[in-house]
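What follows is the content of work-v9.txt, which has compact mmCIF, C-alpha atoms and all ligand atoms:
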# COMPACT_ATOMS: atom_id res chain seq x y z
CA MET A 135 -59.31 -2.37 1.70
CA SER A 136 -56.09 -4.27 0.99
CA LYS A 137 -53.54 -4.42 3.82
CA ASP A 138 -50.70 -4.06 1.31
CA PRO A 139 -49.06 -0.61 1.56
CA ARG A 140 -48.44 -0.59 -2.20
CA THR A 141 -52.21 -0.31 -2.64
CA ARG A 142 -53.02 1.61 0.51
CA LEU A 143 -50.55 4.38 -0.28
CA ILE A 144 -52.41 5.11 -3.51
CA HIS A 145 -56.04 4.71 -2.42
CA HIS A 146 -56.42 7.27 0.35
CA PRO A 147 -59.42 8.75 2.12
CA TYR A 148 -59.03 12.27 0.70
CA VAL A 149 -62.28 13.79 -0.52
CA PRO A 150 -61.70 16.55 -3.10
CA PRO A 151 -63.84 19.72 -3.10
CA ALA A 152 -67.25 19.19 -4.74
CA GLY A 153 -67.02 19.16 -8.53
CA PHE A 154 -63.21 18.76 -8.54
CA GLY A 155 -62.48 15.07 -8.84
CA ALA A 156 -58.68 15.11 -8.68
CA PRO A 157 -56.85 12.66 -6.42
CA VAL A 158 -54.20 15.06 -5.12
CA VAL A 159 -54.69 17.09 -1.96
CA GLY A 160 -54.00 20.83 -2.31
CA VAL A 161 -51.18 22.63 -0.51
CA HIS A 162 -53.06 24.48 2.23
CA LYS A 163 -50.79 27.06 3.85
CA ALA A 164 -51.72 29.14 6.84
CA SER A 165 -50.57 30.71 10.03
CA THR A 166 -53.97 32.31 10.77
CA VAL A 167 -57.12 30.24 10.49
CA PHE A 168 -60.38 32.24 10.79
CA PHE A 169 -63.06 31.37 13.32
CA ALA A 170 -66.68 31.95 12.35
CA ASP A 171 -67.51 33.69 15.65
CA THR A 172 -66.32 34.06 19.25
CA ALA A 173 -68.20 30.93 20.26
CA ALA A 174 -66.16 28.94 17.71
CA LEU A 175 -62.98 30.62 18.97
CA GLN A 176 -63.75 29.70 22.55
CA ALA A 177 -64.77 26.15 21.69
CA ARG A 178 -61.54 25.47 19.79
CA THR A 179 -59.49 22.43 20.73
CA TRP A 180 -56.15 21.59 19.27
CA LYS A 181 -55.97 18.16 20.89
CA GLU A 182 -58.32 16.42 18.51
CA LYS A 183 -58.41 16.93 14.78
CA THR A 184 -62.02 18.06 14.79
CA GLY A 185 -61.20 21.39 13.21
CA TYR A 186 -58.44 23.84 12.41
CA THR A 187 -57.16 26.38 14.92
CA TYR A 188 -53.76 27.66 13.78
CA GLY A 189 -51.37 26.73 11.00
CA LEU A 190 -48.81 25.34 13.45
CA HIS A 191 -51.39 22.82 14.64
CA GLY A 192 -52.25 21.49 11.21
CA THR A 193 -53.84 22.24 7.87
CA PRO A 194 -55.73 19.80 5.59
CA THR A 195 -52.38 19.02 3.93
CA THR A 196 -50.51 18.07 7.11
CA PHE A 197 -53.50 16.09 8.39
CA MET A 198 -53.41 14.17 5.12
CA LEU A 199 -49.70 13.32 5.40
CA GLU A 200 -50.18 12.30 9.04
CA GLU A 201 -52.95 9.94 7.96
CA ARG A 202 -50.76 8.56 5.13
CA ILE A 203 -47.79 7.80 7.41
CA ALA A 204 -50.05 6.20 10.03
CA THR A 205 -51.44 3.97 7.26
CA LEU A 206 -47.94 3.11 6.02
CA GLU A 207 -46.76 2.18 9.51
CA GLY A 208 -49.88 0.25 10.51
CA GLY A 209 -50.40 2.83 13.27
CA LEU A 210 -53.37 5.01 14.18
CA GLN A 211 -51.90 8.48 14.88
CA THR A 212 -48.87 10.32 13.48
CA LEU A 213 -47.12 13.57 14.38
CA LEU A 214 -44.88 15.40 11.90
CA VAL A 215 -41.67 17.11 12.97
CA PRO A 216 -38.98 19.08 11.08
CA SER A 217 -36.46 16.21 10.86
CA GLY A 218 -35.86 12.60 11.77
CA LEU A 219 -33.68 13.73 14.65
CA ALA A 220 -36.51 15.98 15.91
CA ALA A 221 -38.72 12.86 15.97
CA LEU A 222 -36.18 11.16 18.25
CA SER A 223 -35.92 14.20 20.51
CA LEU A 224 -39.71 14.64 20.69
CA VAL A 225 -40.08 11.10 22.07
CA ASP A 226 -37.35 11.70 24.67
CA MET A 227 -38.73 15.10 25.70
CA ALA A 228 -42.32 13.94 25.95
CA LEU A 229 -41.67 10.78 27.94
CA LEU A 230 -38.59 11.34 30.10
CA ARG A 231 -38.27 13.37 33.30
CA SER A 232 -35.43 14.08 35.71
CA GLY A 233 -34.47 10.86 37.52
CA ASP A 234 -35.69 8.63 34.67
CA GLU A 235 -33.44 6.46 32.54
CA VAL A 236 -33.48 5.59 28.84
CA LEU A 237 -31.78 2.52 27.31
CA ILE A 238 -30.35 2.95 23.81
CA PRO A 239 -28.85 0.29 21.52
CA ASP A 240 -25.09 0.64 21.28
CA ASN A 241 -25.38 0.72 17.46
CA ALA A 242 -28.14 3.38 17.39
CA TYR A 243 -28.14 6.33 14.99
CA GLY A 244 -25.26 8.40 16.43
CA PRO A 245 -27.12 11.66 17.19
CA ASN A 246 -29.65 9.73 19.32
CA LYS A 247 -26.76 8.78 21.61
CA GLU A 248 -25.36 12.32 21.52
CA LEU A 249 -28.72 13.74 22.65
CA ALA A 250 -28.65 11.39 25.64
CA ARG A 251 -25.04 12.27 26.46
CA HIS A 252 -25.66 16.02 26.38
CA GLU A 253 -29.21 17.45 26.77
CA LEU A 254 -30.75 14.46 28.56
CA ALA A 255 -27.79 14.21 30.93
CA ALA A 256 -27.98 17.96 31.66
CA TRP A 257 -31.68 17.56 32.53
CA GLY A 258 -30.94 14.75 35.00
CA ILE A 259 -32.09 11.94 32.71
CA GLY A 260 -29.82 8.90 32.79
CA HIS A 261 -28.94 6.65 29.87
CA ARG A 262 -27.12 3.41 29.23
CA PHE A 263 -26.22 1.73 25.97
CA TYR A 264 -27.20 -1.93 25.58
CA ASP A 265 -26.04 -4.69 23.25
CA PRO A 266 -29.04 -5.09 20.90
CA MET A 267 -27.93 -8.61 19.93
CA ASP A 268 -28.45 -9.86 23.49
CA ALA A 269 -32.07 -9.66 24.74
CA GLY A 270 -30.98 -11.19 28.05
CA ALA A 271 -28.57 -8.31 28.61
CA LEU A 272 -31.37 -5.81 27.97
CA LYS A 273 -33.59 -7.63 30.44
CA ALA A 274 -30.88 -7.50 33.10
CA MET A 275 -30.30 -3.80 32.48
CA ILE A 276 -33.90 -2.63 32.93
CA GLY A 277 -34.21 -1.09 36.38
CA PRO A 278 -36.79 0.82 38.43
CA ALA A 279 -35.86 4.15 36.76
CA THR A 280 -36.05 2.80 33.18
CA ARG A 281 -38.91 4.51 31.33
CA LEU A 282 -38.01 4.03 27.68
CA VAL A 283 -36.14 1.54 25.51
CA TRP A 284 -35.02 2.68 22.07
CA LEU A 285 -34.87 0.08 19.29
CA GLU A 286 -33.35 0.23 15.83
CA ALA A 287 -33.26 -2.44 13.12
CA PRO A 288 -30.71 -2.82 11.73
CA GLY A 289 -28.17 -0.82 13.70
CA SER A 290 -26.68 2.29 12.15
CA VAL A 291 -23.56 1.80 9.98
CA THR A 292 -22.70 -1.70 11.34
CA MET A 293 -26.10 -3.07 10.25
CA GLU A 294 -26.55 -5.77 12.94
CA PHE A 295 -30.18 -6.93 12.82
CA PRO A 296 -31.56 -7.59 16.33
CA ASP A 297 -34.35 -9.92 17.42
CA LEU A 298 -36.77 -7.01 17.41
CA ALA A 299 -39.78 -8.92 18.69
CA GLU A 300 -37.80 -10.38 21.59
CA LEU A 301 -36.34 -7.00 22.62
CA THR A 302 -39.83 -5.48 22.44
CA ARG A 303 -41.28 -8.28 24.54
CA VAL A 304 -38.56 -7.93 27.20
CA ALA A 305 -39.36 -4.21 27.58
CA ARG A 306 -43.11 -4.75 27.51
CA ASP A 307 -42.93 -7.48 30.18
CA ALA A 308 -41.00 -5.03 32.37
CA GLY A 309 -43.66 -2.35 31.80
CA VAL A 310 -41.29 -0.07 29.89
CA LEU A 311 -42.27 1.84 26.72
CA THR A 312 -40.51 1.00 23.44
CA ALA A 313 -39.71 3.40 20.62
CA LEU A 314 -38.35 2.07 17.32
CA ASP A 315 -36.33 4.14 14.87
CA ASN A 316 -38.02 2.59 11.82
CA THR A 317 -36.29 4.63 9.12
CA TRP A 318 -34.65 1.58 7.51
CA GLY A 319 -37.82 -0.56 7.43
CA THR A 320 -39.93 2.52 6.59
CA GLY A 321 -43.17 0.55 7.22
CA LEU A 322 -42.48 -1.72 4.23
CA ALA A 323 -39.90 -4.26 5.42
CA PHE A 324 -41.93 -5.28 8.50
CA ASP A 325 -44.86 -4.13 10.63
CA ALA A 326 -43.53 -2.53 13.82
CA PHE A 327 -46.96 -2.91 15.42
CA ASP A 328 -47.18 -6.64 14.64
CA LEU A 329 -43.81 -8.31 15.23
CA PRO A 330 -44.07 -12.12 15.20
CA LEU A 331 -42.65 -13.87 18.27
CA SER A 332 -40.69 -17.10 17.73
CA GLU A 333 -43.15 -19.17 19.82
CA GLY A 334 -46.21 -17.73 18.07
CA GLY A 335 -48.26 -14.61 18.67
CA SER A 336 -46.89 -11.13 18.15
CA VAL A 337 -45.84 -8.01 19.96
CA ALA A 338 -46.06 -4.30 19.06
CA VAL A 339 -43.67 -1.44 19.72
CA ASP A 340 -45.34 1.55 21.41
CA ILE A 341 -43.88 4.19 19.11
CA SER A 342 -42.43 4.01 15.60
CA VAL A 343 -40.30 6.92 14.46
CA GLN A 344 -39.08 7.62 10.93
CA ALA A 345 -36.79 10.05 9.20
CA LEU A 346 -39.16 10.85 6.31
CA THR A 347 -36.03 12.56 4.97
CA LYS A 348 -34.99 9.13 3.67
CA TYR A 349 -37.42 6.84 1.82
CA ALA A 350 -40.69 8.72 2.25
CA SER A 351 -39.18 11.78 0.58
CA GLY A 352 -36.84 9.87 -1.69
CA GLY A 353 -35.62 13.04 -3.37
CA GLY A 354 -32.74 14.07 -1.17
CA ASP A 355 -34.45 17.46 -0.88
CA VAL A 356 -36.68 17.31 2.21
CA LEU A 357 -35.99 17.06 5.94
CA MET A 358 -38.89 15.71 8.00
CA GLY A 359 -39.69 13.16 10.68
CA SER A 360 -42.72 11.28 11.97
CA VAL A 361 -43.80 9.78 15.28
CA THR A 362 -46.49 7.11 14.98
CA THR A 363 -48.48 5.33 17.70
CA ARG A 364 -51.48 3.06 18.08
CA GLU A 365 -52.58 4.15 21.51
CA GLU A 366 -54.55 7.36 22.00
CA ALA A 367 -53.27 8.22 25.49
CA LEU A 368 -49.63 7.83 24.45
CA HIS A 369 -50.27 9.83 21.27
CA LEU A 370 -51.72 12.67 23.39
CA ARG A 371 -48.66 12.79 25.65
CA LEU A 372 -46.50 13.16 22.54
CA LYS A 373 -48.87 15.59 20.83
CA LEU A 374 -49.12 17.97 23.78
CA CYS A 375 -45.32 18.11 24.04
CA HIS A 376 -45.15 18.62 20.25
CA MET A 377 -47.55 21.57 20.53
CA ARG A 378 -45.74 23.14 23.47
CA MET A 379 -42.41 22.87 21.67
CA GLY A 380 -43.86 24.53 18.55
CA TRP A 381 -42.47 22.09 16.01
CA GLY A 382 -44.12 22.73 12.66
CA VAL A 383 -43.27 21.50 9.16
CA GLY A 384 -43.18 23.47 5.90
CA LEU A 385 -46.18 22.90 3.66
CA ASN A 386 -44.14 22.67 0.45
CA ASP A 387 -42.12 19.94 2.12
CA VAL A 388 -45.33 18.14 3.08
CA GLU A 389 -46.41 18.35 -0.55
CA PHE A 390 -43.11 16.78 -1.70
CA VAL A 391 -43.52 13.86 0.67
CA LEU A 392 -47.18 13.32 -0.31
CA ARG A 393 -46.10 13.28 -3.95
CA SER A 394 -43.38 10.72 -3.26
CA LEU A 395 -45.43 8.24 -1.22
CA PRO A 396 -47.22 6.47 -4.13
CA THR A 397 -43.81 5.39 -5.51
CA LEU A 398 -42.34 4.49 -2.12
CA ALA A 399 -42.70 0.71 -2.47
CA LEU A 400 -41.31 0.71 -6.03
CA ARG A 401 -38.31 2.80 -5.02
CA TYR A 402 -37.69 0.63 -1.98
CA GLU A 403 -37.76 -2.55 -4.09
CA ALA A 404 -35.49 -1.08 -6.77
CA GLN A 405 -32.88 0.11 -4.28
CA ASP A 406 -33.13 -3.19 -2.38
CA TRP A 407 -32.47 -5.15 -5.56
CA ALA A 408 -29.52 -2.98 -6.59
CA GLY A 409 -28.14 -2.90 -3.03
CA ARG A 410 -28.10 -6.70 -2.83
CA ARG A 411 -26.37 -7.03 -6.20
CA LEU A 412 -23.63 -4.67 -5.08
CA ALA A 413 -23.33 -6.24 -1.62
CA GLU A 414 -23.03 -9.71 -3.21
CA TRP A 415 -20.32 -8.43 -5.52
CA TRP A 416 -18.42 -6.93 -2.59
CA ALA A 417 -18.65 -10.31 -0.81
CA THR A 418 -16.47 -11.78 -3.62
CA ARG A 419 -13.77 -9.12 -3.23
CA PRO A 420 -10.53 -10.00 -1.41
CA GLU A 421 -10.02 -6.39 -0.24
CA VAL A 422 -12.84 -6.60 2.31
CA THR A 423 -13.26 -8.99 5.25
CA HIS A 424 -16.97 -8.40 5.90
CA VAL A 425 -20.04 -7.22 4.01
CA LEU A 426 -22.67 -5.99 6.45
CA HIS A 427 -26.12 -6.31 4.86
CA PRO A 428 -28.97 -7.99 6.80
CA ALA A 429 -30.07 -10.00 3.74
CA LEU A 430 -26.62 -11.57 3.27
CA PRO A 431 -26.08 -14.89 5.08
CA GLY A 432 -23.29 -14.41 7.61
CA SER A 433 -24.13 -10.77 8.23
CA PRO A 434 -24.80 -10.24 11.96
CA GLY A 435 -28.45 -10.95 12.76
CA HIS A 436 -29.23 -12.26 9.27
CA GLU A 437 -31.42 -14.99 10.78
CA HIS A 438 -33.44 -12.40 12.76
CA TRP A 439 -34.00 -10.42 9.58
CA ARG A 440 -35.02 -13.56 7.68
CA ARG A 441 -37.62 -14.51 10.29
CA LEU A 442 -39.13 -11.02 10.11
CA SER A 443 -38.84 -9.88 6.51
CA THR A 444 -37.91 -10.48 2.89
CA LYS A 445 -37.20 -6.82 2.15
CA ALA A 446 -34.23 -4.58 2.86
CA ALA A 447 -33.22 -0.97 2.29
CA GLY A 448 -30.53 -0.26 -0.33
CA LEU A 449 -27.87 0.28 2.30
CA PHE A 450 -24.83 -1.75 3.35
CA SER A 451 -21.31 -1.44 4.73
CA VAL A 452 -18.04 -3.20 3.97
CA VAL A 453 -15.06 -3.65 6.30
CA PHE A 454 -11.71 -3.30 4.57
CA ASP A 455 -8.91 -5.68 5.45
CA GLU A 456 -6.76 -4.26 8.24
CA LYS A 457 -3.75 -4.32 5.93
CA TYR A 458 -5.21 -1.25 4.21
CA SER A 459 -4.57 1.96 6.11
CA GLN A 460 -7.28 4.53 6.70
CA ALA A 461 -5.53 6.77 4.17
CA GLN A 462 -5.69 4.02 1.53
CA VAL A 463 -9.40 3.46 2.11
CA HIS A 464 -9.98 7.21 1.93
CA ALA A 465 -8.12 7.25 -1.38
CA PHE A 466 -10.49 4.53 -2.62
CA VAL A 467 -13.51 6.61 -1.53
CA ASP A 468 -12.08 9.72 -3.17
CA ALA A 469 -11.56 7.79 -6.42
CA LEU A 470 -15.27 6.89 -6.70
CA ARG A 471 -16.96 8.96 -9.39
CA LEU A 472 -20.65 8.08 -9.26
CA PHE A 473 -20.83 7.50 -5.50
CA LYS A 474 -20.80 10.94 -3.90
CA ILE A 475 -19.40 11.48 -0.41
CA GLY A 476 -22.25 12.55 1.82
CA PHE A 477 -24.66 11.66 4.62
CA SER A 478 -28.23 10.44 4.35
CA TRP A 479 -29.66 7.80 1.99
CA ALA A 480 -32.66 6.69 -0.11
CA GLY A 481 -32.32 9.52 -2.62
CA PRO A 482 -31.55 9.18 -6.36
CA VAL A 483 -27.77 9.62 -5.99
CA SER A 484 -25.62 6.82 -4.59
CA LEU A 485 -23.65 7.92 -1.54
CA VAL A 486 -20.60 6.73 0.37
CA VAL A 487 -19.16 7.53 3.81
CA PRO A 488 -16.06 6.02 5.46
CA TYR A 489 -16.24 5.37 9.22
CA GLN A 490 -13.70 4.61 11.92
CA LEU A 491 -15.57 2.53 14.50
CA ALA A 492 -13.24 3.40 17.37
CA GLY A 493 -15.21 5.72 19.66
CA MET A 494 -18.55 4.95 17.97
CA ARG A 495 -19.30 1.83 20.04
CA SER A 496 -18.88 0.85 23.70
CA GLN A 497 -17.52 -2.49 22.48
CA PRO A 498 -15.32 -2.35 19.37
CA THR A 499 -16.88 -4.62 16.74
CA TRP A 500 -14.81 -4.57 13.57
CA LYS A 501 -11.18 -3.70 13.06
CA GLY A 502 -10.26 -1.96 9.83
CA THR A 503 -11.92 0.97 8.11
CA LEU A 504 -15.61 0.59 7.35
CA VAL A 505 -17.28 2.14 4.30
CA ARG A 506 -21.03 2.55 4.05
CA PHE A 507 -22.77 2.62 0.68
CA SER A 508 -26.25 3.95 0.01
CA ILE A 509 -27.61 2.91 -3.37
CA GLY A 510 -29.43 5.41 -5.57
CA PHE A 511 -31.12 4.90 -8.93
CA GLU A 512 -28.11 4.75 -11.26
CA ALA A 513 -27.66 1.63 -13.45
CA VAL A 514 -26.27 -1.05 -11.16
CA GLU A 515 -23.63 -2.04 -13.78
CA ASP A 516 -22.29 1.51 -13.68
CA LEU A 517 -22.12 1.43 -9.87
CA LEU A 518 -20.23 -1.89 -9.97
CA ALA A 519 -17.81 -0.52 -12.56
CA ASP A 520 -17.28 2.56 -10.39
CA CYS A 521 -16.32 0.43 -7.36
CA GLU A 522 -14.08 -1.71 -9.53
CA GLN A 523 -12.14 1.23 -11.01
CA ALA A 524 -11.68 2.84 -7.58
CA LEU A 525 -10.46 -0.44 -6.08
CA GLU A 526 -7.66 -0.57 -8.62
CA LEU A 527 -6.08 2.21 -6.58
CA LEU A 528 -5.53 -0.17 -3.67
C1 LIG B 601 -31.21 10.01 8.86
C2 LIG B 601 -31.65 9.28 10.05
C3 LIG B 601 -32.21 9.96 11.13
C4 LIG B 601 -32.31 11.47 11.19
O1 LIG B 601 -33.04 12.04 10.17
P1 LIG B 601 -32.81 13.58 9.77
O2 LIG B 601 -34.06 13.93 9.04
O3 LIG B 601 -31.58 13.62 8.94
O4 LIG B 601 -32.67 14.34 11.05
C5 LIG B 601 -32.62 9.23 12.22
N1 LIG B 601 -32.49 7.89 12.24
C6 LIG B 601 -31.97 7.20 11.23
C7 LIG B 601 -31.85 5.72 11.32
C8 LIG B 601 -31.52 7.88 10.10
O5 LIG B 601 -30.97 7.20 9.09
Starting from the coordinates I provided, produce the structure as structure tokens.
Amino acid sequence: MSKDPRTRLIHHPYVPPAGFGAPVVGVHKASTVFFADTAALQARTWKEKTGYTYGLHGTPTTFMLEERIATLEGGLQTLLVPSGLAALSLVDMALLRSGDEVLIPDNAYGPNKELARHELAAWGIGHRFYDPMDAGALKAMIGPATRLVWLEAPGSVTMEFPDLAELTRVARDAGVLTALDNTWGTGLAFDAFDLPLSEGGSVAVDISVQALTKYASGGGDVLMGSVTTREEALHLRLKLCHMRMGWGVGLNDVEFVLRSLPTLALRYEAQDWAGRRLAEWWATRPEVTHVLHPALPGSPGHEHWRRLSTKAAGLFSVVFDEKYSQAQVHAFVDALRLFKIGFSWAGPVSLVVPYQLAGMRSQPTWKGTLVRFSIGFEAVEDLLADCEQALELL
């Protein structure tokens, strides 16, 4: 079988019922699953996928999506959870205990940091935020209580692309588990379980997490997350916590994601292409001082991205010149017609969100108001014209 996800996402191991040669798995819904007899009831095990025990622990449809995401990520086992944020919290809950410490990149997805500041802190779990652009600083920060290092590439909103392989190696050499929020790369931009090191060889993260809400769904209509591993023992630690917490996913949502996966690579490429065209256009505009897109030379960590990948998500940020007030930038955002103001990304509608970085980072990075764009499927000429007409307001 090809290693290319474009092929592997279409040719899957599903075997349809005898005499029904259709390629699409049915939507199998259940809370109750019948056992043939009391012996079968007593012999049930929910740890391995050798059979079905209860709807919460999987149906043929969820098993199929788990297999599909593991294939996409180059992993071996996947767990599904009700949102991307639930995937982050599952990893923390399964692996961290009172007295432990977790290290989180300073530019991580905001709610990951909030979880550490509130629930983890209340449970006696420490956290510190590290500069993801400095592997030496991470190395110096790892201490005897450190149990988990979160990774994200690129960082949320400010889009710095770290040396992912080097950060992973630093944690591995210290015997600390790594978990990557791989929503941006989505299993297509790079292989989280095979990250090339600069001196040759490669290194793997222990856990890759995705908000399937974004690219895997692609419709802006599903919330779901995944937690993928390659190591059975680690998978079981996560799975047992997952079972005890009772995190199930809706079967209609699973169906939506299964239906979207065959077009994942095409959608990713289309939004990448449009995102770069828009980012390049913004780079010519005098109103902004920086365009933050890993594929643009000069964007922080561009060389790390280039060593690892040729692909990028359709997502970038611009930093407006300080001479424009926050109110002026907000007026620009309000004047956009096609770009809708809203969170999330990778759906059909282009989205925009203004950010004030003060308070979001331990170290302030950019001055001036930052605006993040997520590119949908509209004609790129129309999106450019929309930005141009709204800029006239400045
Ligand atoms: C959206 C997102 C999440 C959270 O996903 P939800 O399904 O919205 O909870 C986590 N990490 C990253 C990088 C995201 O973009």
Got a sec to check which residues lie within 6 Å of ligand LIG 601 (chain B), using all atoms listed in the file, and send them as a PyMOL selection string?
chain A and resi 217-219+243+315+317+345+347+357-359+478
Residues near range 249-253 of chain A, anyone? I mean within 10 Å using all atoms listed in the file, not counting same-chain ones fewer than 2 positions away, as an NGL selection string.
:A and (219 or 222-223 or 226-227 or 235-238 or 244-247 or 255-263)
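The closest residue to Asn316 in chain A, picked from A:Ser342, A:Thr184, A:Gln523, A:Thr503 and counting only C-alpha atoms, is A:Ser342.
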Would you list the contacts of Ala221 in chain A as a PyMOL selection string, taking every protein, DNA or RNA residue within 8 Å and counting all atoms listed in the file, but skipping same-chain residues closer than 5 positions in sequence?
chain A and resi 214-216+343-345+359-361
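Note that CA of Asn241 in chain A and CA of Ile341 in chain A are 18.9 Å apart.
Going from CA of Arg495 in chain A over to CA of Ala429 in chain A, you cover 22.8 Å.
Remark: for Gln497 in chain A, the closest of the candidate residues A:Pro239, A:Met275, A:Arg419, A:Ala399 is A:Pro239 (distances computed over all atoms listed in the file).
Coordinates place CA of Glu414 in chain A at a distance of 22.3 Å from CA of Asp468 in chain A.
Each of A:Glu456, A:Ser451, A:Ala461, A:Val356 was compared to Ala480 in chain A using only C-alpha atoms, and A:Val356 turns out to be the nearest.
Using only C-alpha atoms, the smallest distance between any of A:Ala350, A:Leu485, A:Leu285, A:Leu374 and Arg401 in chain A comes from A:Ala350.
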Spatial neighbours of range 140-147 of chain A, 8 Å, all atoms listed in the file, chain gap at least 6 places, as a ChimeraX atom specification:
/A:202,205-206,395-396,398-399
Which residue, A:Phe327, A:Trp284, A:Phe454, A:Phe168, has the smallest gap to Val225 in chain A when you use all atoms listed in the file?
A:Trp284
Surrounding residues of Gly321 in chain A excluding itself and chain neighbours under 3 positions, 8 Å, all atoms listed in the file, as a PyMOL selection string:
chain A and resi 206-208+316+324-326
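Shortest atom-to-atom contact with Pro278 in chain A among A:Gly233, A:Gly352, A:Gly160, A:Gly384: A:Gly233, counting all atoms listed in the file.
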Using only C-alpha atoms and a cutoff of 12 Å, can you tell me which residues are near (-11.1, -1.0, -10.8) in the file's coordinates, and write them out as JSON, numbers by chain?
{"A": [419, 421, 466, 469, 470, 471, 516, 517, 518, 519, 520, 521, 522, 523, 524, 525, 526, 527, 528]}
Who sits within 9 Å of Ala447 in chain A, only C-alpha atoms, same chain under 6 positions skipped, as a short mmCIF file (atom, residue, chain, number, x, y, z; two decimals) with C-alpha atoms, keeping the file's coordinate frame:
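Okay, result37.cif is ready:
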data_model
loop_
_atom_site.label_atom_id
_atom_site.label_comp_id
_atom_site.auth_asym_id
_atom_site.auth_seq_id
_atom_site.Cartn_x
_atom_site.Cartn_y
_atom_site.Cartn_z
CA TRP A 318 -34.65 1.58 7.51
CA GLY A 319 -37.82 -0.56 7.43
CA THR A 320 -39.93 2.52 6.59
CA ALA A 323 -39.90 -4.26 5.42
CA TYR A 349 -37.42 6.84 1.82
CA TYR A 402 -37.69 0.63 -1.98
CA GLU A 403 -37.76 -2.55 -4.09
CA GLN A 405 -32.88 0.11 -4.28
CA ASP A 406 -33.13 -3.19 -2.38
CA TRP A 407 -32.47 -5.15 -5.56
CA GLY A 409 -28.14 -2.90 -3.03
CA ALA A 480 -32.66 6.69 -0.11
CA SER A 508 -26.25 3.95 0.01
CA ILE A 509 -27.61 2.91 -3.37
#
Restore N, CA and C atoms in range 403-416 of chain A and list the result as a PDB file, in the coordinates of the input.
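So the final result, stored in out22.pdb, reads:
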ATOM      1  N   GLU A 403     -38.100  -1.274  -3.440  1.00  0.00           N
ATOM      2  CA  GLU A 403     -37.760  -2.550  -4.090  1.00  0.00           C
ATOM      3  C   GLU A 403     -36.584  -2.383  -5.051  1.00  0.00           C
ATOM      4  N   ALA A 404     -36.565  -1.284  -5.791  1.00  0.00           N
ATOM      5  CA  ALA A 404     -35.490  -1.080  -6.770  1.00  0.00           C
ATOM      6  C   ALA A 404     -34.150  -0.896  -6.057  1.00  0.00           C
ATOM      7  N   GLN A 405     -34.148  -0.119  -4.987  1.00  0.00           N
ATOM      8  CA  GLN A 405     -32.880   0.110  -4.280  1.00  0.00           C
ATOM      9  C   GLN A 405     -32.465  -1.136  -3.502  1.00  0.00           C
ATOM     10  N   ASP A 406     -33.441  -1.914  -3.038  1.00  0.00           N
ATOM     11  CA  ASP A 406     -33.130  -3.190  -2.380  1.00  0.00           C
ATOM     12  C   ASP A 406     -32.440  -4.123  -3.372  1.00  0.00           C
ATOM     13  N   TRP A 407     -33.022  -4.251  -4.550  1.00  0.00           N
ATOM     14  CA  TRP A 407     -32.470  -5.150  -5.560  1.00  0.00           C
ATOM     15  C   TRP A 407     -31.034  -4.740  -5.934  1.00  0.00           C
ATOM     16  N   ALA A 408     -30.844  -3.460  -6.196  1.00  0.00           N
ATOM     17  CA  ALA A 408     -29.520  -2.980  -6.590  1.00  0.00           C
ATOM     18  C   ALA A 408     -28.531  -3.110  -5.422  1.00  0.00           C
ATOM     19  N   GLY A 409     -29.007  -2.811  -4.205  1.00  0.00           N
ATOM     20  CA  GLY A 409     -28.140  -2.900  -3.030  1.00  0.00           C
ATOM     21  C   GLY A 409     -27.642  -4.324  -2.821  1.00  0.00           C
ATOM     22  N   ARG A 410     -28.537  -5.305  -3.015  1.00  0.00           N
ATOM     23  CA  ARG A 410     -28.100  -6.700  -2.830  1.00  0.00           C
ATOM     24  C   ARG A 410     -27.112  -7.118  -3.909  1.00  0.00           C
ATOM     25  N   ARG A 411     -27.322  -6.663  -5.142  1.00  0.00           N
ATOM     26  CA  ARG A 411     -26.370  -7.030  -6.200  1.00  0.00           C
ATOM     27  C   ARG A 411     -24.980  -6.498  -5.861  1.00  0.00           C
ATOM     28  N   LEU A 412     -24.928  -5.255  -5.413  1.00  0.00           N
ATOM     29  CA  LEU A 412     -23.630  -4.670  -5.080  1.00  0.00           C
ATOM     30  C   LEU A 412     -23.012  -5.345  -3.849  1.00  0.00           C
ATOM     31  N   ALA A 413     -23.853  -5.611  -2.843  1.00  0.00           N
ATOM     32  CA  ALA A 413     -23.330  -6.240  -1.620  1.00  0.00           C
ATOM     33  C   ALA A 413     -22.786  -7.635  -1.957  1.00  0.00           C
ATOM     34  N   GLU A 414     -23.498  -8.372  -2.815  1.00  0.00           N
ATOM     35  CA  GLU A 414     -23.030  -9.710  -3.210  1.00  0.00           C
ATOM     36  C   GLU A 414     -21.715  -9.620  -3.975  1.00  0.00           C
ATOM     37  N   TRP A 415     -21.581  -8.613  -4.795  1.00  0.00           N
ATOM     38  CA  TRP A 415     -20.320  -8.430  -5.520  1.00  0.00           C
ATOM     39  C   TRP A 415     -19.180  -8.136  -4.549  1.00  0.00           C
ATOM     40  N   TRP A 416     -19.457  -7.257  -3.574  1.00  0.00           N
ATOM     41  CA  TRP A 416     -18.420  -6.930  -2.590  1.00  0.00           C
ATOM     42  C   TRP A 416     -17.998  -8.183  -1.809  1.00  0.00           C
TER      43      TRP A 416
END
